[in-house]
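Below is the file query12.pdb, which contains PDB, C-alpha atoms and all ligand atoms.
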```
ATOM      1  CA  MET A   1     197.031 153.865-114.223  1.00  0.00           C
ATOM      2  CA  THR A   2     193.532 153.989-115.577  1.00  0.00           C
ATOM      3  CA  PHE A   3     191.101 156.720-114.793  1.00  0.00           C
ATOM      4  CA  ARG A   4     187.567 157.505-115.669  1.00  0.00           C
ATOM      5  CA  LEU A   5     186.775 159.941-118.450  1.00  0.00           C
ATOM      6  CA  TYR A   6     185.118 162.221-115.983  1.00  0.00           C
ATOM      7  CA  ASP A   7     184.588 162.252-112.286  1.00  0.00           C
ATOM      8  CA  PHE A   8     181.318 163.691-111.048  1.00  0.00           C
ATOM      9  CA  SER A   9     182.419 163.628-107.425  1.00  0.00           C
ATOM     10  CA  ASP A  10     184.808 166.429-108.331  1.00  0.00           C
ATOM     11  CA  ILE A  11     182.004 168.542-109.721  1.00  0.00           C
ATOM     12  CA  TYR A  12     179.632 167.866-106.855  1.00  0.00           C
ATOM     13  CA  MET A  13     182.284 168.705-104.269  1.00  0.00           C
ATOM     14  CA  LYS A  14     182.887 172.068-105.907  1.00  0.00           C
ATOM     15  CA  GLN A  15     179.205 172.803-106.085  1.00  0.00           C
ATOM     16  CA  ARG A  16     178.840 172.380-102.333  1.00  0.00           C
ATOM     17  CA  THR A  17     181.037 175.407-101.803  1.00  0.00           C
ATOM     18  CA  ILE A  18     179.434 177.408-104.574  1.00  0.00           C
ATOM     19  CA  SER A  19     179.889 181.175-104.477  1.00  0.00           C
ATOM     20  CA  HIS A  20     177.599 183.633-106.164  1.00  0.00           C
ATOM     21  CA  ASP A  21     180.250 185.661-107.927  1.00  0.00           C
ATOM     22  CA  ALA A  22     178.728 186.295-111.330  1.00  0.00           C
ATOM     23  CA  THR A  23     181.376 188.473-112.950  1.00  0.00           C
ATOM     24  CA  GLY A  24     181.359 187.961-116.706  1.00  0.00           C
ATOM     25  CA  LEU A  25     178.032 186.120-116.799  1.00  0.00           C
ATOM     26  CA  ARG A  26     175.155 187.391-118.953  1.00  0.00           C
ATOM     27  CA  PHE A  27     171.483 187.282-118.015  1.00  0.00           C
ATOM     28  CA  GLY A  28     168.216 187.847-119.832  1.00  0.00           C
ATOM     29  CA  ILE A  29     165.134 188.830-117.826  1.00  0.00           C
ATOM     30  CA  VAL A  30     161.536 188.507-119.027  1.00  0.00           C
ATOM     31  CA  VAL A  31     159.093 190.430-116.871  1.00  0.00           C
ATOM     32  CA  ALA A  32     155.307 190.605-117.124  1.00  0.00           C
ATOM     33  CA  ALA A  33     153.623 194.010-116.958  1.00  0.00           C
ATOM     34  CA  PHE A  34     150.427 192.549-115.439  1.00  0.00           C
ATOM     35  CA  ASN A  35     150.314 193.304-111.694  1.00  0.00           C
ATOM     36  CA  LYS A  36     153.059 195.839-112.256  1.00  0.00           C
ATOM     37  CA  LEU A  37     153.120 196.967-108.635  1.00  0.00           C
ATOM     38  CA  VAL A  38     154.441 193.517-107.769  1.00  0.00           C
ATOM     39  CA  THR A  39     156.508 192.682-110.855  1.00  0.00           C
ATOM     40  CA  SER A  40     158.400 195.995-110.793  1.00  0.00           C
ATOM     41  CA  LYS A  41     159.588 195.115-107.280  1.00  0.00           C
ATOM     42  CA  LEU A  42     160.605 191.638-108.394  1.00  0.00           C
ATOM     43  CA  LEU A  43     162.556 193.197-111.253  1.00  0.00           C
ATOM     44  CA  SER A  44     164.380 195.848-109.246  1.00  0.00           C
ATOM     45  CA  SER A  45     165.425 193.384-106.582  1.00  0.00           C
ATOM     46  CA  CYS A  46     166.512 190.836-109.186  1.00  0.00           C
ATOM     47  CA  VAL A  47     168.660 193.365-111.060  1.00  0.00           C
ATOM     48  CA  GLU A  48     170.120 194.727-107.830  1.00  0.00           C
ATOM     49  CA  TRP A  49     171.125 191.249-106.729  1.00  0.00           C
ATOM     50  CA  LEU A  50     172.783 190.493-110.064  1.00  0.00           C
ATOM     51  CA  ARG A  51     174.678 193.799-109.973  1.00  0.00           C
ATOM     52  CA  GLN A  52     175.842 193.142-106.395  1.00  0.00           C
ATOM     53  CA  GLN A  53     177.332 189.852-107.511  1.00  0.00           C
ATOM     54  CA  GLY A  54     179.415 191.540-110.205  1.00  0.00           C
ATOM     55  CA  VAL A  55     177.178 191.410-113.284  1.00  0.00           C
ATOM     56  CA  LYS A  56     177.685 194.470-115.499  1.00  0.00           C
ATOM     57  CA  ALA A  57     174.630 196.529-116.465  1.00  0.00           C
ATOM     58  CA  ASP A  58     175.458 195.820-120.125  1.00  0.00           C
ATOM     59  CA  ASP A  59     175.252 192.094-119.411  1.00  0.00           C
ATOM     60  CA  ILE A  60     171.602 192.281-118.313  1.00  0.00           C
ATOM     61  CA  GLU A  61     168.869 192.501-120.923  1.00  0.00           C
ATOM     62  CA  VAL A  62     165.258 193.073-119.819  1.00  0.00           C
ATOM     63  CA  VAL A  63     162.248 192.303-122.035  1.00  0.00           C
ATOM     64  CA  ARG A  64     158.737 193.263-120.918  1.00  0.00           C
ATOM     65  CA  VAL A  65     155.707 191.225-121.941  1.00  0.00           C
ATOM     66  CA  PRO A  66     151.980 191.912-121.318  1.00  0.00           C
ATOM     67  CA  GLY A  67     151.282 189.054-118.893  1.00  0.00           C
ATOM     68  CA  ALA A  68     152.661 185.818-117.482  1.00  0.00           C
ATOM     69  CA  PHE A  69     151.086 183.843-120.303  1.00  0.00           C
ATOM     70  CA  GLU A  70     153.453 185.522-122.774  1.00  0.00           C
ATOM     71  CA  ILE A  71     156.629 184.765-120.771  1.00  0.00           C
ATOM     72  CA  PRO A  72     157.568 181.292-122.092  1.00  0.00           C
ATOM     73  CA  LEU A  73     157.886 182.221-125.772  1.00  0.00           C
ATOM     74  CA  VAL A  74     160.136 185.197-125.065  1.00  0.00           C
ATOM     75  CA  ALA A  75     162.192 183.250-122.508  1.00  0.00           C
ATOM     76  CA  ARG A  76     162.706 180.440-124.998  1.00  0.00           C
ATOM     77  CA  THR A  77     163.751 182.851-127.749  1.00  0.00           C
ATOM     78  CA  MET A  78     166.223 184.612-125.457  1.00  0.00           C
ATOM     79  CA  ALA A  79     167.622 181.328-124.175  1.00  0.00           C
ATOM     80  CA  LYS A  80     168.097 180.009-127.698  1.00  0.00           C
ATOM     81  CA  SER A  81     169.965 183.134-128.785  1.00  0.00           C
ATOM     82  CA  SER A  82     173.199 181.836-127.164  1.00  0.00           C
ATOM     83  CA  ARG A  83     173.690 185.287-125.647  1.00  0.00           C
ATOM     84  CA  PHE A  84     172.824 184.445-122.044  1.00  0.00           C
ATOM     85  CA  ASN A  85     174.127 182.108-119.359  1.00  0.00           C
ATOM     86  CA  ALA A  86     170.625 182.038-117.899  1.00  0.00           C
ATOM     87  CA  VAL A  87     167.223 183.634-118.399  1.00  0.00           C
ATOM     88  CA  ILE A  88     165.051 184.795-115.488  1.00  0.00           C
ATOM     89  CA  CYS A  89     161.251 184.937-115.717  1.00  0.00           C
ATOM     90  CA  LEU A  90     159.377 187.311-113.417  1.00  0.00           C
ATOM     91  CA  GLY A  91     155.615 187.644-113.089  1.00  0.00           C
ATOM     92  CA  ALA A  92     152.696 187.607-110.678  1.00  0.00           C
ATOM     93  CA  VAL A  93     149.548 185.589-111.204  1.00  0.00           C
ATOM     94  CA  ILE A  94     146.926 186.340-108.572  1.00  0.00           C
ATOM     95  CA  ARG A  95     143.801 184.249-108.092  1.00  0.00           C
ATOM     96  CA  GLY A  96     140.529 185.896-109.081  1.00  0.00           C
ATOM     97  CA  ASP A  97     136.915 184.713-109.199  1.00  0.00           C
ATOM     98  CA  THR A  98     137.262 182.628-112.350  1.00  0.00           C
ATOM     99  CA  PRO A  99     139.394 179.641-113.437  1.00  0.00           C
ATOM    100  CA  HIS A 100     141.580 182.028-115.495  1.00  0.00           C
ATOM    101  CA  PHE A 101     144.296 181.832-112.821  1.00  0.00           C
ATOM    102  CA  ASP A 102     144.607 178.068-113.225  1.00  0.00           C
ATOM    103  CA  TYR A 103     144.969 178.248-116.985  1.00  0.00           C
ATOM    104  CA  ILE A 104     147.679 180.884-116.805  1.00  0.00           C
ATOM    105  CA  CYS A 105     149.601 179.146-113.998  1.00  0.00           C
ATOM    106  CA  THR A 106     149.537 175.846-115.843  1.00  0.00           C
ATOM    107  CA  GLU A 107     150.756 177.353-119.085  1.00  0.00           C
ATOM    108  CA  VAL A 108     153.455 179.573-117.663  1.00  0.00           C
ATOM    109  CA  SER A 109     154.995 176.847-115.499  1.00  0.00           C
ATOM    110  CA  ARG A 110     154.791 174.187-118.187  1.00  0.00           C
ATOM    111  CA  GLY A 111     156.033 176.623-120.840  1.00  0.00           C
ATOM    112  CA  ILE A 112     159.037 177.797-118.852  1.00  0.00           C
ATOM    113  CA  GLY A 113     160.094 174.252-118.014  1.00  0.00           C
ATOM    114  CA  GLN A 114     159.749 173.198-121.628  1.00  0.00           C
ATOM    115  CA  ALA A 115     161.620 176.280-122.859  1.00  0.00           C
ATOM    116  CA  ALA A 116     164.646 175.473-120.670  1.00  0.00           C
ATOM    117  CA  LEU A 117     164.813 171.933-122.002  1.00  0.00           C
ATOM    118  CA  ASP A 118     164.347 173.067-125.606  1.00  0.00           C
ATOM    119  CA  ALA A 119     167.003 175.749-125.353  1.00  0.00           C
ATOM    120  CA  ASP A 120     169.372 173.767-123.121  1.00  0.00           C
ATOM    121  CA  VAL A 121     169.904 176.893-121.010  1.00  0.00           C
ATOM    122  CA  PRO A 122     168.788 177.516-117.404  1.00  0.00           C
ATOM    123  CA  ILE A 123     165.507 179.420-117.231  1.00  0.00           C
ATOM    124  CA  ILE A 124     164.443 180.486-113.760  1.00  0.00           C
ATOM    125  CA  PHE A 125     160.815 180.410-112.604  1.00  0.00           C
ATOM    126  CA  GLY A 126     160.379 183.664-110.724  1.00  0.00           C
ATOM    127  CA  VAL A 127     156.632 183.843-111.276  1.00  0.00           C
ATOM    128  CA  LEU A 128     154.502 184.312-108.168  1.00  0.00           C
ATOM    129  CA  THR A 129     151.219 182.401-108.031  1.00  0.00           C
ATOM    130  CA  THR A 130     149.233 183.613-105.047  1.00  0.00           C
ATOM    131  CA  HIS A 131     145.723 183.642-103.633  1.00  0.00           C
ATOM    132  CA  THR A 132     145.772 187.342-102.726  1.00  0.00           C
ATOM    133  CA  VAL A 133     147.397 190.625-103.673  1.00  0.00           C
ATOM    134  CA  ALA A 134     148.806 190.894-100.136  1.00  0.00           C
ATOM    135  CA  GLN A 135     150.605 187.552-100.543  1.00  0.00           C
ATOM    136  CA  ALA A 136     152.087 188.704-103.844  1.00  0.00           C
ATOM    137  CA  ILE A 137     153.303 192.014-102.388  1.00  0.00           C
ATOM    138  CA  GLU A 138     154.866 190.232 -99.428  1.00  0.00           C
ATOM    139  CA  ARG A 139     156.720 187.871-101.707  1.00  0.00           C
ATOM    140  CA  SER A 140     158.082 190.659-103.869  1.00  0.00           C
ATOM    141  CA  GLU A 141     159.351 192.749-100.928  1.00  0.00           C
ATOM    142  CA  PRO A 142     163.154 192.606-100.610  1.00  0.00           C
ATOM    143  CA  ALA A 143     162.778 192.865 -96.818  1.00  0.00           C
ATOM    144  CA  LYS A 144     160.405 189.864 -96.717  1.00  0.00           C
ATOM    145  CA  PHE A 145     160.394 186.896 -99.106  1.00  0.00           C
ATOM    146  CA  ASP A 146     162.376 188.716-101.837  1.00  0.00           C
ATOM    147  CA  ARG A 147     161.491 186.352-104.680  1.00  0.00           C
ATOM    148  CA  GLY A 148     163.165 188.665-107.203  1.00  0.00           C
ATOM    149  CA  GLY A 149     166.499 188.414-105.428  1.00  0.00           C
ATOM    150  CA  GLU A 150     165.963 184.683-105.012  1.00  0.00           C
ATOM    151  CA  ALA A 151     165.430 184.306-108.760  1.00  0.00           C
ATOM    152  CA  ALA A 152     168.707 186.140-109.397  1.00  0.00           C
ATOM    153  CA  ARG A 153     170.526 183.829-106.968  1.00  0.00           C
ATOM    154  CA  SER A 154     169.094 180.746-108.617  1.00  0.00           C
ATOM    155  CA  ALA A 155     170.100 182.038-112.049  1.00  0.00           C
ATOM    156  CA  ILE A 156     173.688 182.604-110.969  1.00  0.00           C
ATOM    157  CA  GLU A 157     173.867 179.178-109.332  1.00  0.00           C
ATOM    158  CA  MET A 158     172.461 177.443-112.376  1.00  0.00           C
ATOM    159  CA  ALA A 159     174.775 179.321-114.742  1.00  0.00           C
ATOM    160  CA  ARG A 160     177.721 178.263-112.623  1.00  0.00           C
ATOM    161  CA  VAL A 161     176.522 174.680-112.249  1.00  0.00           C
ATOM    162  CA  MET A 162     176.080 174.271-115.990  1.00  0.00           C
ATOM    163  CA  ARG A 163     179.490 175.612-117.005  1.00  0.00           C
ATOM    164  CA  PRO A 164     181.691 172.767-115.778  1.00  0.00           C
ATOM    165  CA  LEU A 165     179.143 170.196-116.860  1.00  0.00           C
ATOM    166  CA  ARG A 166     179.223 171.577-120.401  1.00  0.00           C
ATOM    167  CA  ARG A 167     183.011 171.530-120.384  1.00  0.00           C
ATOM    168  CA  VAL A 168     182.936 167.858-119.553  1.00  0.00           C
ATOM    169  CA  GLU A 169     180.536 167.298-122.430  1.00  0.00           C
ATOM    170  CA  GLU A 170     182.772 169.234-124.801  1.00  0.00           C
ATOM    171  CA  ALA A 171     185.995 167.592-123.744  1.00  0.00           C
ATOM    172  CA  THR A 172     184.659 164.061-123.855  1.00  0.00           C
ATOM    173  CA  GLY A 173     182.415 164.527-126.846  1.00  0.00           C
ATOM    174  CA  SER A 174     179.591 163.043-124.833  1.00  0.00           C
ATOM    175  CA  ASP A 175     176.070 164.376-124.820  1.00  0.00           C
ATOM    176  CA  LEU A 176     175.225 163.814-121.176  1.00  0.00           C
ATOM    177  CA  TYR A 177     171.957 165.681-121.191  1.00  0.00           C
ATOM    178  CA  GLY A 178     170.628 164.903-124.628  1.00  0.00           C
ATOM    179  CA  GLY A 179     170.949 168.525-125.749  1.00  0.00           C
ATOM    180  CA  ALA A 180     173.174 170.428-128.141  1.00  0.00           C
ATOM    181  CA  CYS A 181     176.346 171.922-126.731  1.00  0.00           C
ATOM    182  CA  SER A 182     177.043 175.083-128.663  1.00  0.00           C
ATOM    183  CA  ALA A 183     179.703 176.799-126.570  1.00  0.00           C
ATOM    184  CA  SER A 184     183.178 176.885-128.088  1.00  0.00           C
ATOM    185  CA  PRO A 185     185.596 174.324-126.685  1.00  0.00           C
ATOM    186  CA  GLN A 186     188.300 176.087-124.694  1.00  0.00           C
ATOM    187  CA  THR A 187     189.228 173.615-121.993  1.00  0.00           C
ATOM    188  CA  GLY A 188     190.525 170.090-121.399  1.00  0.00           C
ATOM    189  CA  THR A 189     192.104 168.260-124.283  1.00  0.00           C
ATOM    190  CA  VAL A 190     190.931 164.919-125.575  1.00  0.00           C
ATOM    191  CA  SER A 191     193.393 162.551-127.158  1.00  0.00           C
ATOM    192  CA  LYS A 192     191.953 160.211-129.713  1.00  0.00           C
ATOM    193  CA  LYS A 193     194.152 157.522-131.204  1.00  0.00           C
ATOM    194  CA  LYS A 194     193.060 155.657-134.274  1.00  0.00           C
ATOM    195  CA  GLY A 195     190.722 152.879-133.275  1.00  0.00           C
ATOM    196  CA  ALA A 196     190.895 153.801-129.621  1.00  0.00           C
ATOM    197  CA  SER A 197     188.095 155.255-127.589  1.00  0.00           C
ATOM    198  CA  PRO A 198     188.538 158.905-126.565  1.00  0.00           C
ATOM    199  CA  GLN A 199     190.623 159.421-123.447  1.00  0.00           C
ATOM    200  CA  ARG A 200     190.984 162.498-121.366  1.00  0.00           C
ATOM    201  CA  SER A 201     194.642 163.478-121.453  1.00  0.00           C
ATOM    202  CA  LYS A 202     194.431 166.399-119.083  1.00  0.00           C
ATOM    203  CA  GLU A 203     192.458 167.470-116.054  1.00  0.00           C
ATOM    204  CA  ILE A 204     189.399 169.363-117.201  1.00  0.00           C
ATOM    205  CA  PRO A 205     189.427 172.755-115.511  1.00  0.00           C
ATOM    206  CA  LEU A 206     186.221 173.400-113.655  1.00  0.00           C
ATOM    207  CA  TRP A 207     184.587 176.727-113.034  1.00  0.00           C
ATOM    208  CA  PRO A 208     186.202 178.022-109.829  1.00  0.00           C
ATOM    209  CA  CYS A 209     183.629 177.827-107.098  1.00  0.00           C
TER     210      CYS A 209
HETATM  211  N1  LIG A 301     148.569 187.859-116.263  1.00  0.00           N
HETATM  212  C1  LIG A 301     149.394 187.873-115.209  1.00  0.00           C
HETATM  213  O1  LIG A 301     150.624 187.976-115.371  1.00  0.00           O
HETATM  214  N2  LIG A 301     148.880 187.755-113.960  1.00  0.00           N
HETATM  215  C2  LIG A 301     147.535 187.633-113.733  1.00  0.00           C
HETATM  216  O2  LIG A 301     147.138 187.553-112.548  1.00  0.00           O
HETATM  217  C3  LIG A 301     146.655 187.618-114.837  1.00  0.00           C
HETATM  218  N3  LIG A 301     145.253 187.493-114.650  1.00  0.00           N
HETATM  219  O3  LIG A 301     144.817 187.311-113.493  1.00  0.00           O
HETATM  220  O4  LIG A 301     144.461 187.557-115.547  1.00  0.00           O
HETATM  221  C4  LIG A 301     147.224 187.737-116.144  1.00  0.00           C
HETATM  222  N4  LIG A 301     146.448 187.727-117.239  1.00  0.00           N
HETATM  223  C5  LIG A 301     146.922 188.111-118.549  1.00  0.00           C
HETATM  224  C6  LIG A 301     147.576 186.967-119.300  1.00  0.00           C
HETATM  225  O5  LIG A 301     148.806 186.620-118.724  1.00  0.00           O
HETATM  226  C7  LIG A 301     147.813 187.322-120.754  1.00  0.00           C
HETATM  227  O6  LIG A 301     148.637 188.459-120.830  1.00  0.00           O
HETATM  228  C8  LIG A 301     146.510 187.603-121.514  1.00  0.00           C
HETATM  229  O7  LIG A 301     145.611 186.531-121.350  1.00  0.00           O
HETATM  230  C9  LIG A 301     146.803 187.783-123.026  1.00  0.00           C
HETATM  231  O8  LIG A 301     147.349 186.600-123.584  1.00  0.00           O
END
```
Would you put the structure from the file into structure tokens?
Ligand code: INI
Amino acid sequence: MTFRLYDFSDIYMKQRTISHDATGLRFGIVVAAFNKLVTSKLLSSCVEWLRQQGVKADDIEVVRVPGAFEIPLVARTMAKSSRFNAVICLGAVIRGDTPHFDYICTEVSRGIGQAALDADVPIIFGVLTTHTVAQAIERSEPAKFDRGGEAARSAIEMARVMRPLRRVEEATGSDLYGGACSASPQTGTVSKKKGASPQRSKEIPLWPC
């Protein structure tokens, strides 16, 4: 019987029933001090959500930066450290009378996206970009939009989504996403006979969802 090296339908099916249990996962958080009234709420809700899903306090590292503009560099450095399953960026950019807002929004969104691709680690965009202070406060409130908690949820989901995908990469020796795979191989065996193409000899265990 022949079978494919990997079967994405298996992965997708498991992702549909994804749980948010995050026990054993590690998260970095970069939070901007600018508009602290808002960002401190984003941070507390984010941390609370992670803790509720089983993340240990020791497995959360928070780095504060002056403003949203400074977030991407720190997020990239944290993500590249191989110490985190995901990095969460929190900030609040609020429109003023000048084009400053546009420059910061452009840089922080572009920078965070680029950092994730460079580091090959999920980096979550939990940066509010609003027209008014009231909108920003509303979005940070756990009882309303709760963007801090939402960022934590996205980070857990992405960490869990990436795990089985990386295992497939490791076990097959393929580079599906064009990035380096640095985690140590600990799953599925690959049998390679001389002159033969690699074949999966065992079911690759997926992250239990
Ligand atoms: N930083 C923010 O995080 N939010 C803002 O609304 C903001 N505004 O409006 O100016 C802001 N500016 C600071 C900026 O992010 C940098 O820290 C600063 O330019 C130094 O590089």
Inset, instruction - List all protein, DNA and RNA residues that have an atom no more than 10 Å from any atom of ligand LIG 301 (chain A), counting only C-alpha atoms and all ligand atoms, and report them as a PyMOL selection string. - result: chain A and resi 31-36+39+65-71+90-105+107-108+127-133
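When only C-alpha atoms are used to compute distances to Trp49 in chain A, the closest of the residues A:Thr172, A:Phe27, A:Gln135, A:Arg76 turns out to be A:Phe27.
CA of Glu157 in chain A to CA of Ile124 in chain A spans 10.5 Å [interatomic distance, one decimal].
By only C-alpha atoms, and with residues fewer than 5 positions from Phe125 in chain A along its chain excluded, the set lying at most 10 Å from it is Val87, Ile88, Cys89, Leu90, Gly91, Val108, Ser109, Ile112, Gly113, Arg147, Ala151, Ser154 and Ala155 of chain A.
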Each range 59-88 of chain A residue no farther than 9 Å from range 115-119 of chain A, nearest pair in Å, all atoms listed in the file, as JSON lines:
```
{"residue": "A:Pro72", "atom": "CA", "partner": "A:Ala115", "partner_atom": "CA", "distance": 6.5}
{"residue": "A:Leu73", "atom": "CA", "partner": "A:Ala115", "partner_atom": "CA", "distance": 7.6}
{"residue": "A:Ala75", "atom": "CA", "partner": "A:Ala115", "partner_atom": "CA", "distance": 7.0}
{"residue": "A:Arg76", "atom": "CA", "partner": "A:Ala115", "partner_atom": "CA", "distance": 4.8}
{"residue": "A:Thr77", "atom": "CA", "partner": "A:Ala119", "partner_atom": "CA", "distance": 8.2}
{"residue": "A:Met78", "atom": "CA", "partner": "A:Ala119", "partner_atom": "CA", "distance": 8.9}
{"residue": "A:Ala79", "atom": "CA", "partner": "A:Ala119", "partner_atom": "CA", "distance": 5.7}
{"residue": "A:Lys80", "atom": "CA", "partner": "A:Ala119", "partner_atom": "CA", "distance": 5.0}
{"residue": "A:Ser81", "atom": "CA", "partner": "A:Ala119", "partner_atom": "CA", "distance": 8.7}
{"residue": "A:Ser82", "atom": "CA", "partner": "A:Ala119", "partner_atom": "CA", "distance": 8.9}
{"residue": "A:Val87", "atom": "CA", "partner": "A:Ala116", "partner_atom": "CA", "distance": 8.9}
```
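The space separating CA of His20 in chain A from CA of Met158 in chain A comes to 10.2 Å.
With CA of Ile137 in chain A on one side and CA of Val30 in chain A on the other, the separation reads 18.9 Å.
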Inset, instruction - Evaluate the PyMOL selection byres (((chain A and resi 156) around 12) and not hetatm) here and jot the selected residues down as a ChimeraX atom specification. - result: /A:18-28,46-47,49-55,84-88,122-124,149-155,157-163,209
Output file for the selection above: C-alpha atoms, as a CSV table (one decimal), keeping the file's coordinate frame:
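This went into result_17.csv:
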```
chain,number,residue,atom,x,y,z
A,18,ILE,CA,179.4,177.4,-104.6
A,19,SER,CA,179.9,181.2,-104.5
A,20,HIS,CA,177.6,183.6,-106.2
A,21,ASP,CA,180.2,185.7,-107.9
A,22,ALA,CA,178.7,186.3,-111.3
A,23,THR,CA,181.4,188.5,-113.0
A,24,GLY,CA,181.4,188.0,-116.7
A,25,LEU,CA,178.0,186.1,-116.8
A,26,ARG,CA,175.2,187.4,-119.0
A,27,PHE,CA,171.5,187.3,-118.0
A,28,GLY,CA,168.2,187.8,-119.8
A,46,CYS,CA,166.5,190.8,-109.2
A,47,VAL,CA,168.7,193.4,-111.1
A,49,TRP,CA,171.1,191.2,-106.7
A,50,LEU,CA,172.8,190.5,-110.1
A,51,ARG,CA,174.7,193.8,-110.0
A,52,GLN,CA,175.8,193.1,-106.4
A,53,GLN,CA,177.3,189.9,-107.5
A,54,GLY,CA,179.4,191.5,-110.2
A,55,VAL,CA,177.2,191.4,-113.3
A,84,PHE,CA,172.8,184.4,-122.0
A,85,ASN,CA,174.1,182.1,-119.4
A,86,ALA,CA,170.6,182.0,-117.9
A,87,VAL,CA,167.2,183.6,-118.4
A,88,ILE,CA,165.1,184.8,-115.5
A,122,PRO,CA,168.8,177.5,-117.4
A,123,ILE,CA,165.5,179.4,-117.2
A,124,ILE,CA,164.4,180.5,-113.8
A,149,GLY,CA,166.5,188.4,-105.4
A,150,GLU,CA,166.0,184.7,-105.0
A,151,ALA,CA,165.4,184.3,-108.8
A,152,ALA,CA,168.7,186.1,-109.4
A,153,ARG,CA,170.5,183.8,-107.0
A,154,SER,CA,169.1,180.7,-108.6
A,155,ALA,CA,170.1,182.0,-112.0
A,157,GLU,CA,173.9,179.2,-109.3
A,158,MET,CA,172.5,177.4,-112.4
A,159,ALA,CA,174.8,179.3,-114.7
A,160,ARG,CA,177.7,178.3,-112.6
A,161,VAL,CA,176.5,174.7,-112.2
A,162,MET,CA,176.1,174.3,-116.0
A,163,ARG,CA,179.5,175.6,-117.0
A,209,CYS,CA,183.6,177.8,-107.1
```
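You can rank A:Leu43, A:Pro164, A:Ala171, A:Arg83 by their closest distance to Arg64 in chain A using all atoms listed in the file, and at the top of that list sits A:Leu43.
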When you get a chance, write out N, CA and C atoms for range 124-139 of chain A, as a PDB file, in the frame of the given file.
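Below is the file result.pdb, written as the result:
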```
ATOM      1  N   ILE A 124     164.871 180.458-115.158  1.00  0.00           N
ATOM      2  CA  ILE A 124     164.443 180.486-113.760  1.00  0.00           C
ATOM      3  C   ILE A 124     162.982 180.900-113.652  1.00  0.00           C
ATOM      4  N   PHE A 125     162.248 180.179-112.797  1.00  0.00           N
ATOM      5  CA  PHE A 125     160.815 180.410-112.604  1.00  0.00           C
ATOM      6  C   PHE A 125     160.601 181.381-111.449  1.00  0.00           C
ATOM      7  N   GLY A 126     160.602 182.654-111.765  1.00  0.00           N
ATOM      8  CA  GLY A 126     160.379 183.664-110.724  1.00  0.00           C
ATOM      9  C   GLY A 126     158.987 184.264-110.859  1.00  0.00           C
ATOM     10  N   VAL A 127     158.019 183.389-111.100  1.00  0.00           N
ATOM     11  CA  VAL A 127     156.632 183.843-111.276  1.00  0.00           C
ATOM     12  C   VAL A 127     155.853 183.511-110.011  1.00  0.00           C
ATOM     13  N   LEU A 128     155.310 184.536-109.365  1.00  0.00           N
ATOM     14  CA  LEU A 128     154.502 184.312-108.168  1.00  0.00           C
ATOM     15  C   LEU A 128     153.128 183.805-108.576  1.00  0.00           C
ATOM     16  N   THR A 129     152.604 182.866-107.818  1.00  0.00           N
ATOM     17  CA  THR A 129     151.219 182.401-108.031  1.00  0.00           C
ATOM     18  C   THR A 129     150.570 182.426-106.655  1.00  0.00           C
ATOM     19  N   THR A 130     149.745 183.426-106.408  1.00  0.00           N
ATOM     20  CA  THR A 130     149.233 183.613-105.047  1.00  0.00           C
ATOM     21  C   THR A 130     147.710 183.716-105.011  1.00  0.00           C
ATOM     22  N   HIS A 131     147.179 183.527-103.828  1.00  0.00           N
ATOM     23  CA  HIS A 131     145.723 183.642-103.633  1.00  0.00           C
ATOM     24  C   HIS A 131     145.296 185.106-103.525  1.00  0.00           C
ATOM     25  N   THR A 132     146.170 185.944-102.979  1.00  0.00           N
ATOM     26  CA  THR A 132     145.772 187.342-102.726  1.00  0.00           C
ATOM     27  C   THR A 132     146.867 188.317-103.173  1.00  0.00           C
ATOM     28  N   VAL A 133     146.444 189.566-103.333  1.00  0.00           N
ATOM     29  CA  VAL A 133     147.397 190.625-103.673  1.00  0.00           C
ATOM     30  C   VAL A 133     148.413 190.786-102.533  1.00  0.00           C
ATOM     31  N   ALA A 134     147.916 190.724-101.301  1.00  0.00           N
ATOM     32  CA  ALA A 134     148.806 190.894-100.136  1.00  0.00           C
ATOM     33  C   ALA A 134     149.928 189.842-100.149  1.00  0.00           C
ATOM     34  N   GLN A 135     149.570 188.616-100.477  1.00  0.00           N
ATOM     35  CA  GLN A 135     150.605 187.552-100.543  1.00  0.00           C
ATOM     36  C   GLN A 135     151.646 187.881-101.612  1.00  0.00           C
ATOM     37  N   ALA A 136     151.167 188.391-102.738  1.00  0.00           N
ATOM     38  CA  ALA A 136     152.087 188.704-103.844  1.00  0.00           C
ATOM     39  C   ALA A 136     153.026 189.840-103.442  1.00  0.00           C
ATOM     40  N   ILE A 137     152.468 190.868-102.806  1.00  0.00           N
ATOM     41  CA  ILE A 137     153.303 192.014-102.388  1.00  0.00           C
ATOM     42  C   ILE A 137     154.369 191.556-101.396  1.00  0.00           C
ATOM     43  N   GLU A 138     153.933 190.764-100.429  1.00  0.00           N
ATOM     44  CA  GLU A 138     154.866 190.232 -99.428  1.00  0.00           C
ATOM     45  C   GLU A 138     156.041 189.479-100.074  1.00  0.00           C
ATOM     46  N   ARG A 139     155.688 188.689-101.067  1.00  0.00           N
ATOM     47  CA  ARG A 139     156.720 187.871-101.707  1.00  0.00           C
ATOM     48  C   ARG A 139     157.669 188.670-102.596  1.00  0.00           C
TER      49      ARG A 139
END
```
